[in-house]
file structure.cif (mmCIF, C-alpha atoms)
data_structure
#
loop_
_atom_site.label_atom_id
_atom_site.label_comp_id
_atom_site.auth_asym_id
_atom_site.auth_seq_id
_atom_site.Cartn_x
_atom_site.Cartn_y
_atom_site.Cartn_z
CA MET A 1 16.74 30.83 -3.53
CA ILE A 2 13.08 30.47 -2.51
CA GLU A 3 12.04 31.80 -5.89
CA ARG A 4 14.43 29.59 -7.81
CA LEU A 5 12.97 26.50 -6.15
CA GLY A 6 9.43 27.72 -6.70
CA PHE A 7 8.38 27.93 -3.08
CA ASP A 8 7.34 31.58 -3.53
CA VAL A 9 3.94 30.68 -5.04
CA LEU A 10 2.89 29.22 -1.71
CA PHE A 11 2.95 32.65 -0.13
CA LYS A 12 0.93 34.31 -2.91
CA GLY A 13 -2.72 34.93 -2.11
CA SER A 14 -4.43 32.03 -0.41
CA ASN A 15 -2.42 29.33 -2.17
CA PHE A 16 -1.15 27.60 0.94
CA ILE A 17 -4.60 27.65 2.57
CA ARG A 18 -6.03 26.12 -0.59
CA LEU A 19 -3.48 23.31 -0.42
CA LEU A 20 -4.44 22.66 3.19
CA GLU A 21 -8.11 22.63 2.24
CA GLY A 22 -7.29 20.06 -0.42
CA LEU A 23 -5.56 17.93 2.18
CA GLY A 24 -8.63 18.36 4.36
CA ILE A 25 -10.83 16.83 1.67
CA ALA A 26 -8.49 13.84 1.35
CA LEU A 27 -8.46 13.44 5.13
CA ARG A 28 -12.25 13.68 5.37
CA ILE A 29 -12.73 10.93 2.80
CA SER A 30 -10.24 8.72 4.56
CA ILE A 31 -11.70 9.26 8.04
CA ILE A 32 -15.23 8.41 6.86
CA SER A 33 -13.93 5.32 5.05
CA VAL A 34 -11.88 4.22 8.04
CA VAL A 35 -14.87 4.44 10.40
CA ILE A 36 -17.03 2.40 8.01
CA SER A 37 -14.20 -0.09 7.44
CA ILE A 38 -13.58 -0.65 11.13
CA VAL A 39 -17.24 -1.25 11.96
CA LEU A 40 -17.89 -3.54 8.97
CA GLY A 41 -14.45 -5.13 9.29
CA ILE A 42 -15.13 -6.29 12.84
CA VAL A 43 -18.40 -7.90 11.75
CA VAL A 44 -16.88 -9.55 8.67
CA GLY A 45 -13.81 -10.63 10.64
CA MET A 46 -15.95 -12.36 13.22
CA LEU A 47 -17.97 -14.00 10.44
CA MET A 48 -14.74 -15.35 9.01
CA THR A 49 -13.97 -17.33 12.14
CA ILE A 50 -17.29 -19.22 11.82
CA LYS A 51 -16.70 -22.64 10.39
CA ASN A 52 -19.31 -22.51 7.64
CA PRO A 53 -18.12 -23.50 4.14
CA ILE A 54 -20.37 -21.03 2.32
CA ILE A 55 -19.33 -18.04 4.46
CA LYS A 56 -15.73 -19.18 4.16
CA ALA A 57 -15.89 -19.34 0.36
CA ILE A 58 -17.56 -15.94 0.05
CA THR A 59 -15.14 -14.18 2.39
CA ARG A 60 -12.18 -15.82 0.69
CA ILE A 61 -13.26 -14.61 -2.72
CA TYR A 62 -13.87 -11.15 -1.27
CA LEU A 63 -10.41 -11.03 0.30
CA GLU A 64 -8.77 -12.32 -2.86
CA ILE A 65 -10.48 -9.67 -4.99
CA VAL A 66 -9.25 -6.92 -2.69
CA ARG A 67 -5.80 -8.51 -2.53
CA ILE A 68 -5.17 -8.51 -6.26
CA MET A 69 -7.24 -5.60 -7.60
CA PRO A 70 -5.52 -2.21 -7.46
CA GLN A 71 -7.66 0.38 -5.66
CA MET A 72 -7.45 2.54 -8.75
CA VAL A 73 -9.16 -0.17 -10.81
CA LEU A 74 -11.91 -0.54 -8.20
CA LEU A 75 -12.32 3.21 -8.22
CA PHE A 76 -12.78 3.24 -11.99
CA ILE A 77 -15.21 0.32 -11.89
CA VAL A 78 -17.41 1.97 -9.29
CA TYR A 79 -17.19 5.50 -10.64
CA PHE A 80 -17.42 4.89 -14.40
CA GLY A 81 -18.77 1.34 -14.50
CA ALA A 82 -21.69 1.89 -12.15
CA THR A 83 -22.85 4.92 -14.08
CA LYS A 84 -22.62 3.16 -17.41
CA SER A 85 -24.05 -0.26 -16.63
CA LEU A 86 -26.37 0.38 -13.69
CA GLY A 87 -27.35 3.92 -14.50
CA ILE A 88 -26.55 5.05 -10.97
CA ASN A 89 -24.99 8.47 -10.88
CA LEU A 90 -22.58 8.53 -7.98
CA THR A 91 -20.66 11.63 -7.02
CA ALA A 92 -16.91 11.13 -7.11
CA GLU A 93 -16.75 11.43 -3.35
CA THR A 94 -19.42 8.78 -2.73
CA ALA A 95 -17.72 6.47 -5.22
CA SER A 96 -14.37 6.86 -3.48
CA ILE A 97 -15.87 6.29 -0.03
CA ILE A 98 -17.55 3.11 -1.32
CA VAL A 99 -14.30 1.83 -2.81
CA PHE A 100 -12.11 2.66 0.16
CA SER A 101 -14.63 1.15 2.58
CA PHE A 102 -14.81 -1.98 0.43
CA TRP A 103 -11.02 -2.23 0.51
CA GLY A 104 -10.64 -1.21 4.15
CA THR A 105 -13.29 -3.63 5.36
CA ALA A 106 -11.37 -6.52 3.85
CA GLU A 107 -8.11 -5.34 5.42
CA MET A 108 -9.76 -4.80 8.79
CA ALA A 109 -11.61 -8.13 8.64
CA ASP A 110 -8.33 -9.91 8.01
CA LEU A 111 -6.77 -8.17 11.01
CA VAL A 112 -9.76 -9.04 13.22
CA ARG A 113 -9.68 -12.65 12.08
CA GLY A 114 -5.93 -12.81 12.66
CA SER A 115 -6.14 -11.48 16.19
CA LEU A 116 -9.18 -13.62 17.05
CA ILE A 117 -7.46 -16.86 16.06
CA SER A 118 -4.24 -15.75 17.75
CA ILE A 119 -5.98 -15.99 21.14
CA PRO A 120 -4.84 -19.34 22.54
CA VAL A 121 -7.48 -22.07 22.99
CA ILE A 122 -6.40 -22.21 26.64
CA GLN A 123 -8.16 -18.89 27.22
CA TYR A 124 -11.49 -20.32 26.09
CA GLU A 125 -10.94 -23.52 28.08
CA SER A 126 -9.96 -21.68 31.27
CA SER A 127 -13.03 -19.46 31.01
CA ALA A 128 -15.21 -22.53 30.55
CA ALA A 129 -13.56 -24.14 33.57
CA LEU A 130 -14.33 -21.01 35.60
CA GLY A 131 -17.98 -21.38 34.67
CA LEU A 132 -18.27 -18.38 32.33
CA THR A 133 -20.95 -18.57 29.69
CA LYS A 134 -20.04 -18.18 26.04
CA ILE A 135 -21.10 -14.52 25.97
CA GLN A 136 -19.24 -13.78 29.21
CA THR A 137 -16.13 -15.44 27.78
CA TYR A 138 -16.23 -13.11 24.80
CA ILE A 139 -17.02 -9.95 26.75
CA TYR A 140 -14.58 -10.38 29.63
CA VAL A 141 -11.79 -12.53 28.20
CA ILE A 142 -11.53 -12.65 24.42
CA ILE A 143 -12.60 -9.20 23.24
CA PRO A 144 -10.36 -7.21 25.64
CA GLN A 145 -7.34 -9.21 24.50
CA THR A 146 -8.27 -8.90 20.84
CA ILE A 147 -8.70 -5.15 21.10
CA ARG A 148 -5.26 -4.73 22.62
CA ARG A 149 -3.75 -6.34 19.54
CA LEU A 150 -6.12 -4.67 17.12
CA ILE A 151 -5.77 -1.02 18.06
CA PRO A 152 -2.23 -0.46 16.75
CA LEU A 153 -3.03 -2.35 13.54
CA SER A 154 -6.21 -0.39 12.88
CA ILE A 155 -4.42 2.90 13.51
CA ASN A 156 -1.93 1.80 10.91
CA LEU A 157 -4.87 1.26 8.56
CA ILE A 158 -5.70 4.97 8.93
CA THR A 159 -2.32 6.00 7.50
CA ARG A 160 -2.70 3.56 4.63
CA MET A 161 -6.16 4.95 3.97
CA ILE A 162 -4.83 8.52 3.91
CA LYS A 163 -2.11 7.53 1.46
CA THR A 164 -4.61 5.74 -0.77
CA THR A 165 -6.97 8.71 -0.92
CA SER A 166 -4.39 10.52 -3.04
CA LEU A 167 -5.83 8.43 -5.89
CA VAL A 168 -9.16 10.28 -5.84
CA MET A 169 -7.70 13.04 -8.00
CA MET A 170 -7.88 10.52 -10.84
CA ILE A 171 -11.68 10.58 -10.74
CA GLY A 172 -11.79 14.34 -10.56
CA ILE A 173 -11.95 15.21 -6.89
CA VAL A 174 -10.05 18.42 -6.24
CA GLU A 175 -7.81 17.34 -3.38
CA VAL A 176 -4.33 18.47 -2.44
CA LEU A 177 -2.49 17.19 -5.56
CA LYS A 178 -5.09 18.64 -7.92
CA VAL A 179 -4.98 21.98 -6.09
CA GLY A 180 -1.21 21.84 -6.44
CA GLN A 181 -1.53 21.31 -10.19
CA GLN A 182 -3.96 24.21 -10.44
CA ILE A 183 -1.61 26.50 -8.56
CA ILE A 184 1.28 25.51 -10.82
CA GLU A 185 -0.82 26.09 -13.94
CA ALA A 186 -2.02 29.48 -12.74
CA ASN A 187 1.51 30.67 -11.98
CA ARG A 188 3.25 29.17 -15.00
CA LYS A 189 4.50 32.58 -16.18
CA ALA A 190 5.23 34.24 -12.86
CA SER A 191 7.14 31.36 -11.28
CA PRO A 192 8.06 28.67 -13.79
CA ASN A 193 9.70 26.52 -11.11
CA ALA A 194 6.55 26.24 -9.02
CA ALA A 195 6.28 22.50 -9.75
CA PHE A 196 9.23 21.75 -7.50
CA GLY A 197 8.10 23.87 -4.58
CA VAL A 198 4.46 22.86 -4.71
CA PHE A 199 5.00 19.13 -5.08
CA ALA A 200 7.71 19.15 -2.42
CA THR A 201 5.19 20.84 -0.12
CA VAL A 202 2.48 18.30 -0.94
CA PHE A 203 4.99 15.52 -0.25
CA LEU A 204 5.78 17.07 3.11
CA LEU A 205 2.11 17.65 3.97
CA TYR A 206 1.30 14.00 3.40
CA PHE A 207 4.30 13.03 5.48
CA LEU A 208 3.21 15.31 8.31
CA ALA A 209 -0.29 13.84 8.19
CA CYS A 210 0.80 10.20 8.24
CA TRP A 211 4.04 10.11 10.19
CA PRO A 212 2.68 11.00 13.67
CA ILE A 213 -0.09 8.43 13.25
CA SER A 214 2.26 5.66 12.22
CA GLN A 215 4.68 6.53 15.07
CA PHE A 216 1.75 6.36 17.49
CA SER A 217 0.74 2.99 16.10
CA LYS A 218 4.32 1.73 16.47
CA TYR A 219 4.41 2.93 20.07
CA LEU A 220 1.12 1.16 20.88
CA GLU A 221 2.32 -1.99 19.17
CA LYS A 222 5.41 -2.11 21.36
CA ARG A 223 3.30 -1.58 24.46
CA ALA A 224 0.79 -4.25 23.53
CA ILE A 225 3.36 -7.06 23.53
CA MET B 226 -20.55 -6.58 -23.68
CA ASN B 227 -19.36 -6.42 -27.27
CA PHE B 228 -16.73 -9.05 -28.05
CA GLU B 229 -15.71 -7.45 -31.32
CA VAL B 230 -14.69 -4.38 -29.39
CA ILE B 231 -12.84 -6.51 -26.89
CA SER B 232 -10.84 -8.33 -29.53
CA SER B 233 -9.97 -5.09 -31.29
CA TYR B 234 -8.66 -3.62 -28.02
CA LEU B 235 -6.71 -6.73 -27.12
CA PRO B 236 -3.42 -5.79 -28.86
CA LEU B 237 -3.37 -2.39 -27.12
CA TYR B 238 -3.94 -3.99 -23.76
CA THR B 239 -1.34 -6.68 -24.36
CA GLU B 240 1.25 -4.06 -25.19
CA ALA B 241 0.36 -2.10 -22.07
CA PHE B 242 0.39 -5.29 -20.04
CA PHE B 243 3.98 -6.10 -20.96
CA LEU B 244 5.09 -2.52 -20.34
CA THR B 245 3.44 -2.58 -16.91
CA ILE B 246 5.08 -5.90 -16.05
CA LYS B 247 8.48 -4.73 -17.27
CA ILE B 248 8.48 -1.51 -15.28
CA GLY B 249 6.84 -3.19 -12.31
CA TRP B 250 9.51 -5.85 -12.05
CA ILE B 251 12.39 -3.43 -12.65
CA GLY B 252 10.94 -1.37 -9.81
CA ILE B 253 10.66 -4.45 -7.61
CA LEU B 254 14.28 -5.41 -8.33
CA ILE B 255 15.40 -1.91 -7.37
CA ALA B 256 13.24 -2.17 -4.25
CA LEU B 257 14.76 -5.52 -3.28
CA SER B 258 18.31 -4.21 -3.72
CA ILE B 259 17.59 -1.07 -1.69
CA GLY B 260 15.81 -3.20 0.91
CA ILE B 261 18.67 -5.64 1.42
CA LEU B 262 21.25 -2.86 1.51
CA GLY B 263 19.14 -0.76 3.88
CA ALA B 264 18.45 -3.65 6.22
CA PHE B 265 22.17 -4.47 6.44
CA ILE B 266 22.99 -0.85 7.16
CA LEU B 267 20.40 -0.75 9.95
CA HIS B 268 21.39 -4.16 11.32
CA PHE B 269 25.08 -3.31 11.61
CA ASN B 270 24.22 0.20 12.75
CA ILE B 271 26.69 1.89 10.37
CA PRO B 272 27.08 5.45 11.78
CA VAL B 273 25.93 8.11 9.30
CA LEU B 274 24.31 5.79 6.77
CA SER B 275 21.86 4.28 9.23
CA ILE B 276 20.40 7.72 9.99
CA ILE B 277 20.00 8.38 6.27
CA VAL B 278 18.28 5.02 5.81
CA LYS B 279 15.95 5.70 8.75
CA VAL B 280 14.92 9.10 7.38
CA TYR B 281 14.44 7.64 3.90
CA VAL B 282 12.28 4.78 5.18
CA GLU B 283 10.04 7.08 7.22
CA LEU B 284 9.71 9.60 4.37
CA PHE B 285 8.74 7.08 1.74
CA ARG B 286 6.58 4.84 3.89
CA ASN B 287 4.44 7.79 4.95
CA THR B 288 3.73 9.34 1.56
CA PRO B 289 1.67 8.02 -1.35
CA LEU B 290 3.36 6.80 -4.54
CA LEU B 291 1.29 9.25 -6.57
CA VAL B 292 2.80 12.20 -4.70
CA GLN B 293 6.30 10.74 -4.98
CA LEU B 294 5.90 10.28 -8.74
CA PHE B 295 4.60 13.82 -9.20
CA PHE B 296 7.56 15.14 -7.27
CA ILE B 297 10.08 13.10 -9.25
CA TYR B 298 8.45 13.61 -12.65
CA PHE B 299 7.29 17.24 -12.46
CA GLY B 300 9.32 18.67 -9.58
CA LEU B 301 12.86 17.41 -10.13
CA PRO B 302 13.18 18.66 -13.75
CA LYS B 303 13.07 22.18 -12.29
CA LEU B 304 16.40 21.36 -10.65
CA GLY B 305 17.72 20.12 -13.98
CA ILE B 306 17.11 16.42 -13.30
CA VAL B 307 15.09 15.29 -16.31
CA ILE B 308 14.20 11.62 -16.67
CA SER B 309 11.88 9.71 -18.99
CA VAL B 310 8.44 8.53 -17.85
CA GLU B 311 9.51 4.88 -17.79
CA THR B 312 12.59 5.57 -15.70
CA CYS B 313 10.55 7.76 -13.41
CA GLY B 314 8.01 4.97 -12.90
CA ALA B 315 10.64 2.36 -12.17
CA VAL B 316 12.65 4.65 -9.89
CA GLY B 317 9.55 5.85 -8.05
CA LEU B 318 8.29 2.34 -7.50
CA GLY B 319 11.80 1.25 -6.50
CA LEU B 320 12.13 4.01 -3.93
CA LEU B 321 8.69 3.37 -2.45
CA GLY B 322 9.27 -0.38 -2.43
CA GLY B 323 12.78 0.02 -1.06
CA SER B 324 11.42 1.57 2.13
CA TYR B 325 8.92 -1.25 2.60
CA MET B 326 11.51 -3.91 1.77
CA THR B 327 14.02 -2.40 4.19
CA GLU B 328 11.44 -2.75 6.95
CA ALA B 329 10.63 -6.32 5.92
CA PHE B 330 14.25 -7.48 5.86
CA ARG B 331 15.18 -5.56 9.00
CA SER B 332 12.34 -7.10 11.03
CA GLY B 333 13.41 -10.50 9.69
CA LEU B 334 16.96 -9.93 10.94
CA GLU B 335 15.65 -8.73 14.29
CA ALA B 336 13.29 -11.64 14.71
CA VAL B 337 16.08 -14.23 14.94
CA PRO B 338 16.24 -15.04 18.68
CA VAL B 339 19.36 -14.01 20.60
CA SER B 340 19.68 -17.59 21.84
CA GLN B 341 20.64 -18.58 18.29
CA THR B 342 23.63 -16.22 18.33
CA GLU B 343 24.60 -17.34 21.81
CA SER B 344 24.36 -21.02 20.95
CA ALA B 345 26.47 -20.47 17.86
CA GLN B 346 29.05 -18.58 19.92
CA SER B 347 29.26 -21.41 22.44
CA LEU B 348 29.81 -23.81 19.55
CA GLY B 349 32.79 -21.73 18.50
CA PHE B 350 31.41 -20.05 15.38
CA SER B 351 33.16 -16.85 14.33
CA LYS B 352 31.22 -13.60 13.94
CA GLY B 353 31.13 -13.88 10.15
CA GLN B 354 30.05 -17.49 10.31
CA ILE B 355 27.26 -16.71 12.75
CA PHE B 356 25.88 -14.06 10.42
CA ARG B 357 26.30 -16.12 7.27
CA CYS B 358 25.21 -19.55 8.48
CA ILE B 359 22.88 -18.86 11.40
CA ILE B 360 21.28 -15.41 11.19
CA LEU B 361 20.94 -14.89 7.44
CA PRO B 362 19.08 -18.10 6.50
CA GLN B 363 16.61 -17.71 9.36
CA ALA B 364 16.11 -14.00 8.75
CA PHE B 365 15.47 -14.76 5.08
CA SER B 366 12.87 -17.37 5.92
CA ILE B 367 11.12 -15.08 8.40
CA SER B 368 10.97 -12.11 6.05
CA VAL B 369 9.65 -14.01 3.02
CA PRO B 370 5.90 -13.50 3.74
CA ALA B 371 6.36 -9.75 4.24
CA VAL B 372 8.51 -9.47 1.10
CA LEU B 373 5.95 -11.34 -1.00
CA ALA B 374 3.13 -9.18 0.33
CA ASN B 375 5.22 -6.16 -0.68
CA VAL B 376 5.75 -7.57 -4.18
CA ILE B 377 1.99 -7.88 -4.68
CA PHE B 378 1.48 -4.42 -3.20
CA LEU B 379 4.06 -2.94 -5.58
CA LEU B 380 2.59 -4.68 -8.64
CA LYS B 381 -0.78 -3.21 -7.68
CA GLU B 382 0.76 0.22 -7.22
CA THR B 383 1.87 0.21 -10.88
CA SER B 384 -1.68 1.37 -11.65
CA VAL B 385 -0.66 4.77 -10.31
CA PHE B 386 1.78 5.20 -13.22
CA SER B 387 -1.13 6.25 -15.41
CA ALA B 388 -1.19 9.59 -13.57
CA ILE B 389 2.14 10.58 -15.13
CA SER B 390 0.96 9.39 -18.56
CA LEU B 391 2.96 6.20 -18.64
CA MET B 392 1.13 3.95 -21.12
CA ASP B 393 0.28 1.22 -18.63
CA LEU B 394 -2.91 -0.84 -18.35
CA MET B 395 -4.75 1.80 -16.37
CA PHE B 396 -3.78 4.57 -18.79
CA THR B 397 -4.84 2.50 -21.80
CA ALA B 398 -8.22 1.81 -20.23
CA LYS B 399 -8.72 5.44 -19.31
CA ASP B 400 -7.66 6.57 -22.75
CA LEU B 401 -9.98 4.18 -24.58
CA ILE B 402 -12.92 5.05 -22.33
CA GLY B 403 -12.33 8.71 -23.09
CA LEU B 404 -12.10 8.07 -26.84
CA TYR B 405 -14.90 5.58 -27.54
CA TYR B 406 -17.03 5.33 -24.38
CA ASN B 407 -16.92 1.54 -24.38
CA THR B 408 -16.69 1.67 -20.61
CA THR B 409 -17.91 -1.85 -19.86
CA GLU B 410 -15.54 -3.55 -22.29
CA CYS B 411 -12.56 -1.43 -21.26
CA LEU B 412 -13.07 -2.07 -17.56
CA PHE B 413 -13.66 -5.76 -18.18
CA LEU B 414 -10.35 -6.07 -20.04
CA LEU B 415 -8.63 -4.06 -17.33
CA VAL B 416 -9.84 -6.44 -14.62
CA VAL B 417 -8.92 -9.50 -16.68
CA PHE B 418 -5.39 -8.26 -17.31
CA TYR B 419 -4.84 -7.40 -13.66
CA ILE B 420 -6.04 -10.88 -12.67
CA VAL B 421 -3.64 -12.41 -15.22
CA MET B 422 -0.84 -10.28 -13.80
CA LEU B 423 -1.47 -10.80 -10.09
CA LEU B 424 -3.23 -14.10 -9.50
CA PRO B 425 -0.21 -16.25 -10.49
CA VAL B 426 2.04 -14.12 -8.28
CA SER B 427 -0.41 -14.47 -5.41
CA TYR B 428 -0.55 -18.28 -5.74
CA LEU B 429 3.16 -18.67 -6.39
CA GLY B 430 3.69 -16.52 -3.31
CA SER B 431 1.74 -18.80 -0.99
CA PHE B 432 3.56 -21.79 -2.48
CA ILE B 433 7.00 -20.23 -1.85
CA GLU B 434 5.90 -19.20 1.64
CA LYS B 435 5.19 -22.83 2.50
CA LYS B 436 8.50 -23.98 1.00
CA VAL B 437 10.76 -21.64 2.95
CA ARG B 438 9.13 -21.91 6.34
CA PHE B 439 12.17 -23.65 7.81
CA ALA B 440 13.01 -21.04 10.45
CA GLN B 441 9.82 -21.71 12.40
CA PHE B 442 10.54 -25.41 12.38
CA GLY B 443 9.37 -27.00 15.61
CA ASP B 444 7.17 -24.11 16.67
#
call {"tool": "encode", "arguments": {"input": "structure.cif", "output": "structure tokens"}}
result
Amino acid sequence: MIERLGFDVLFKGSNFIRLLEGLGIALRISIISVVISIVLGIVVGMLMTIKNPIIKAITRIYLEIVRIMPQMVLLFIVYFGATKSLGINLTAETASIIVFSFWGTAEMADLVRGSLISIPVIQYESSAALGLTKIQTYIYVIIPQTIRRLIPLSINLITRMIKTTSLVMMIGIVEVLKVGQQIIEANRKASPNAAFGVFATVFLLYFLACWPISQFSKYLEKRAI
Amino acid sequence: MNFEVISSYLPLYTEAFFLTIKIGWIGILIALSIGILGAFILHFNIPVLSIIVKVYVELFRNTPLLVQLFFIYFGLPKLGIVISVETCGAVGLGLLGGSYMTEAFRSGLEAVPVSQTESAQSLGFSKGQIFRCIILPQAFSISVPAVLANVIFLLKETSVFSAISLMDLMFTAKDLIGLYYNTTECLFLLVVFYIVMLLPVSYLGSFIEKKVRFAQFGD
């Protein structure tokens, strides 16, 4: 049964470890991108609440670009376009971190902006009435409330980032899917049904990586309300 | 940028553009049908089916489309289920989208306040009437923004089809870059076609969102 479904290749040699290592590369890229996105996203999100027409126009164009351009297209532009037109030779990993941070920053900024403007005006007014300065208002009143709303949403961003990193195989990074393909190719004769077993395993691995995180985010979201 | 090259590539891109749109929208229609069905099953808490829907939603929301497509296109034939690339793309997108749409419609149904049901009951509405005339219109209005965001997300996800050699925009661009090295022109056309595909949907989406905002009336 195991052989008929092609799960046997996983137990040959170090195949399963190699798959896990591939997943590790995808996870590493997504963690780095998430950290960059969260830091930059908070800054950009706060900038977006400033009522300055120029900043508003720039951030709107930025958000719109990210909203309608598939990440795969951005990946190709940065990886192939930058080399060709700017002469910069980026490694595939750097290119993917740049693209995912560019995308994640926009997503994060939108979340930050959303939770900043969702704080009722009354909070600002009450703080002013209590004699808090502007900085004190932000530190003691606004930011703690914003963070409570932001944490579940930014954790959710991590799972989306992990799912998106599966695209990096298209620019030649050997991550879990590519390793899977290599294993299938190498065992084409010995276990012709490997494709089912290997891809089912990859499917499950991604699920096991993302599901706990998204459940955690759901739990925090319920608690935050 | 060489415009002669661009004009000579245009027919190839146009062909790919229509294929992408066709498969994208078939996938979205499948997603919408699965979503509505799934949300109803969860809302009415139908015994066995609701567990199946829950497992399906969690499985497909927590895995990338690329992995799902690889599994459907390369894995399933080993069990004797062989489907064409186009069908695989549409089905894969439909299954992924279905899980997102189920969530969108379900949260819409849940977001209708209980007081609405109670008020309708006190006015003598029957159960069917309450669902049809009170819950459904409001749930629809509430879930529209999420559904539209999902539509844009799914149209963007069509770019993943290129990985299973479906001749979509992304595949055409990749193919031409590999053949002739006109990287700048190919990427430029790619961006232009994606803008043509998604910008109208994005604008139409915000227009529809404003039109159907009746459930939040008075807030």
call {"tool": "resolve_selection", "arguments": {"input": "structure.cif", "expression": "the PyMOL selection byres ((chain A) within 6 of (chain B))", "output": "MDAnalysis selection string"}}
result
chainID A and resid 68 70 163 193 195:196 199 203 206:207 210:211
call {"tool": "axis_aligned_box", "arguments": {"input": "structure.cif", "around": "stretch 26-34 of chain A", "padding_each_side": "5 Å", "output": "lines of an AutoDock Vina configuration file"}}
result
center_x = -11.8
center_y = 9.0
center_z = 4.7
size_x = 16.8
size_y = 19.6
size_z = 16.7
call {"tool": "residues_near_point", "arguments": {"input": "structure.cif", "point": "(-1.1, 16.1, 2.0)", "cutoff": "12 Å", "atoms": "all atoms listed in the file", "output": "JSON, numbers by chain"}}
result
{"A": [16, 18, 19, 20, 21, 22, 23, 24, 25, 26, 27, 28, 159, 162, 163, 164, 165, 166, 167, 175, 176, 177, 178, 179, 180, 198, 199, 200, 201, 202, 203, 204, 205, 206, 207, 208, 209, 210, 211], "B": [287, 288, 289, 291, 292, 293]}
call {"tool": "resolve_selection", "arguments": {"input": "structure.cif", "expression": "the PyMOL selection byres ((chain B and resi 255) around 10)", "output": "VMD selection string"}}
result
chain B and resid 249 to 254 256 to 260 315 to 323
call {"tool": "closest_residue", "arguments": {"input": "structure.cif", "among": "B:Lys247, B:Lys352, B:Lys279, B:His268", "to": "B:Tyr325", "atoms": "only C-alpha atoms"}}
result
B:Lys279
call {"tool": "atom_distance", "arguments": {"input": "structure.cif", "atom1": "atom CA of B:Tyr238", "atom2": "atom CA of B:Gly314"}}
result
18.5 Å
call {"tool": "atom_distance", "arguments": {"input": "structure.cif", "atom1": "atom CA of B:Glu434", "atom2": "atom CA of B:Ser366"}}
result
8.4 Å
call {"tool": "atom_distance", "arguments": {"input": "structure.cif", "atom1": "atom CA of A:Ser96", "atom2": "atom CA of B:Val376"}}
result
24.8 Å
call {"tool": "decode", "arguments": {"input": "structure.cif", "residues": "stretch 398-408 of chain B", "atoms": "N, CA, C and O atoms", "output": "PDB file, in the first residue's frame"}}
result
ATOM      1  N   ALA B 398       5.605  34.980 -20.561  1.00  0.00           N
ATOM      2  CA  ALA B 398       6.721  35.881 -20.285  1.00  0.00           C
ATOM      3  C   ALA B 398       8.001  35.091 -20.017  1.00  0.00           C
ATOM      4  O   ALA B 398       9.058  35.374 -20.579  1.00  0.00           O
ATOM      5  N   LYS B 399       7.867  34.070 -19.187  1.00  0.00           N
ATOM      6  CA  LYS B 399       9.016  33.271 -18.815  1.00  0.00           C
ATOM      7  C   LYS B 399       9.614  32.588 -20.043  1.00  0.00           C
ATOM      8  O   LYS B 399      10.827  32.564 -20.246  1.00  0.00           O
ATOM      9  N   ASP B 400       8.711  32.070 -20.870  1.00  0.00           N
ATOM     10  CA  ASP B 400       9.109  31.357 -22.073  1.00  0.00           C
ATOM     11  C   ASP B 400       9.868  32.279 -23.018  1.00  0.00           C
ATOM     12  O   ASP B 400      10.943  31.939 -23.518  1.00  0.00           O
ATOM     13  N   LEU B 401       9.314  33.474 -23.254  1.00  0.00           N
ATOM     14  CA  LEU B 401       9.932  34.415 -24.182  1.00  0.00           C
ATOM     15  C   LEU B 401      11.259  34.915 -23.655  1.00  0.00           C
ATOM     16  O   LEU B 401      12.214  35.092 -24.422  1.00  0.00           O
ATOM     17  N   ILE B 402      11.337  35.141 -22.347  1.00  0.00           N
ATOM     18  CA  ILE B 402      12.620  35.578 -21.761  1.00  0.00           C
ATOM     19  C   ILE B 402      13.665  34.497 -21.998  1.00  0.00           C
ATOM     20  O   ILE B 402      14.794  34.771 -22.406  1.00  0.00           O
ATOM     21  N   GLY B 403      13.263  33.251 -21.788  1.00  0.00           N
ATOM     22  CA  GLY B 403      14.196  32.144 -21.972  1.00  0.00           C
ATOM     23  C   GLY B 403      14.648  31.998 -23.414  1.00  0.00           C
ATOM     24  O   GLY B 403      15.780  31.628 -23.684  1.00  0.00           O
ATOM     25  N   LEU B 404      13.733  32.315 -24.367  1.00  0.00           N
ATOM     26  CA  LEU B 404      14.054  32.122 -25.781  1.00  0.00           C
ATOM     27  C   LEU B 404      14.891  33.257 -26.357  1.00  0.00           C
ATOM     28  O   LEU B 404      15.859  33.029 -27.067  1.00  0.00           O
ATOM     29  N   TYR B 405      14.484  34.516 -26.069  1.00  0.00           N
ATOM     30  CA  TYR B 405      15.102  35.645 -26.777  1.00  0.00           C
ATOM     31  C   TYR B 405      15.814  36.643 -25.880  1.00  0.00           C
ATOM     32  O   TYR B 405      16.384  37.600 -26.360  1.00  0.00           O
ATOM     33  N   TYR B 406      15.747  36.474 -24.570  1.00  0.00           N
ATOM     34  CA  TYR B 406      16.412  37.387 -23.638  1.00  0.00           C
ATOM     35  C   TYR B 406      15.962  38.838 -23.736  1.00  0.00           C
ATOM     36  O   TYR B 406      16.718  39.743 -23.409  1.00  0.00           O
ATOM     37  N   ASN B 407      14.756  39.087 -24.236  1.00  0.00           N
ATOM     38  CA  ASN B 407      14.248  40.457 -24.219  1.00  0.00           C
ATOM     39  C   ASN B 407      13.555  40.711 -22.887  1.00  0.00           C
ATOM     40  O   ASN B 407      12.364  40.981 -22.815  1.00  0.00           O
ATOM     41  N   THR B 408      14.321  40.625 -21.811  1.00  0.00           N
ATOM     42  CA  THR B 408      13.740  40.642 -20.477  1.00  0.00           C
ATOM     43  C   THR B 408      12.892  41.888 -20.215  1.00  0.00           C
ATOM     44  O   THR B 408      11.759  41.792 -19.741  1.00  0.00           O
TER      45      THR B 408
END
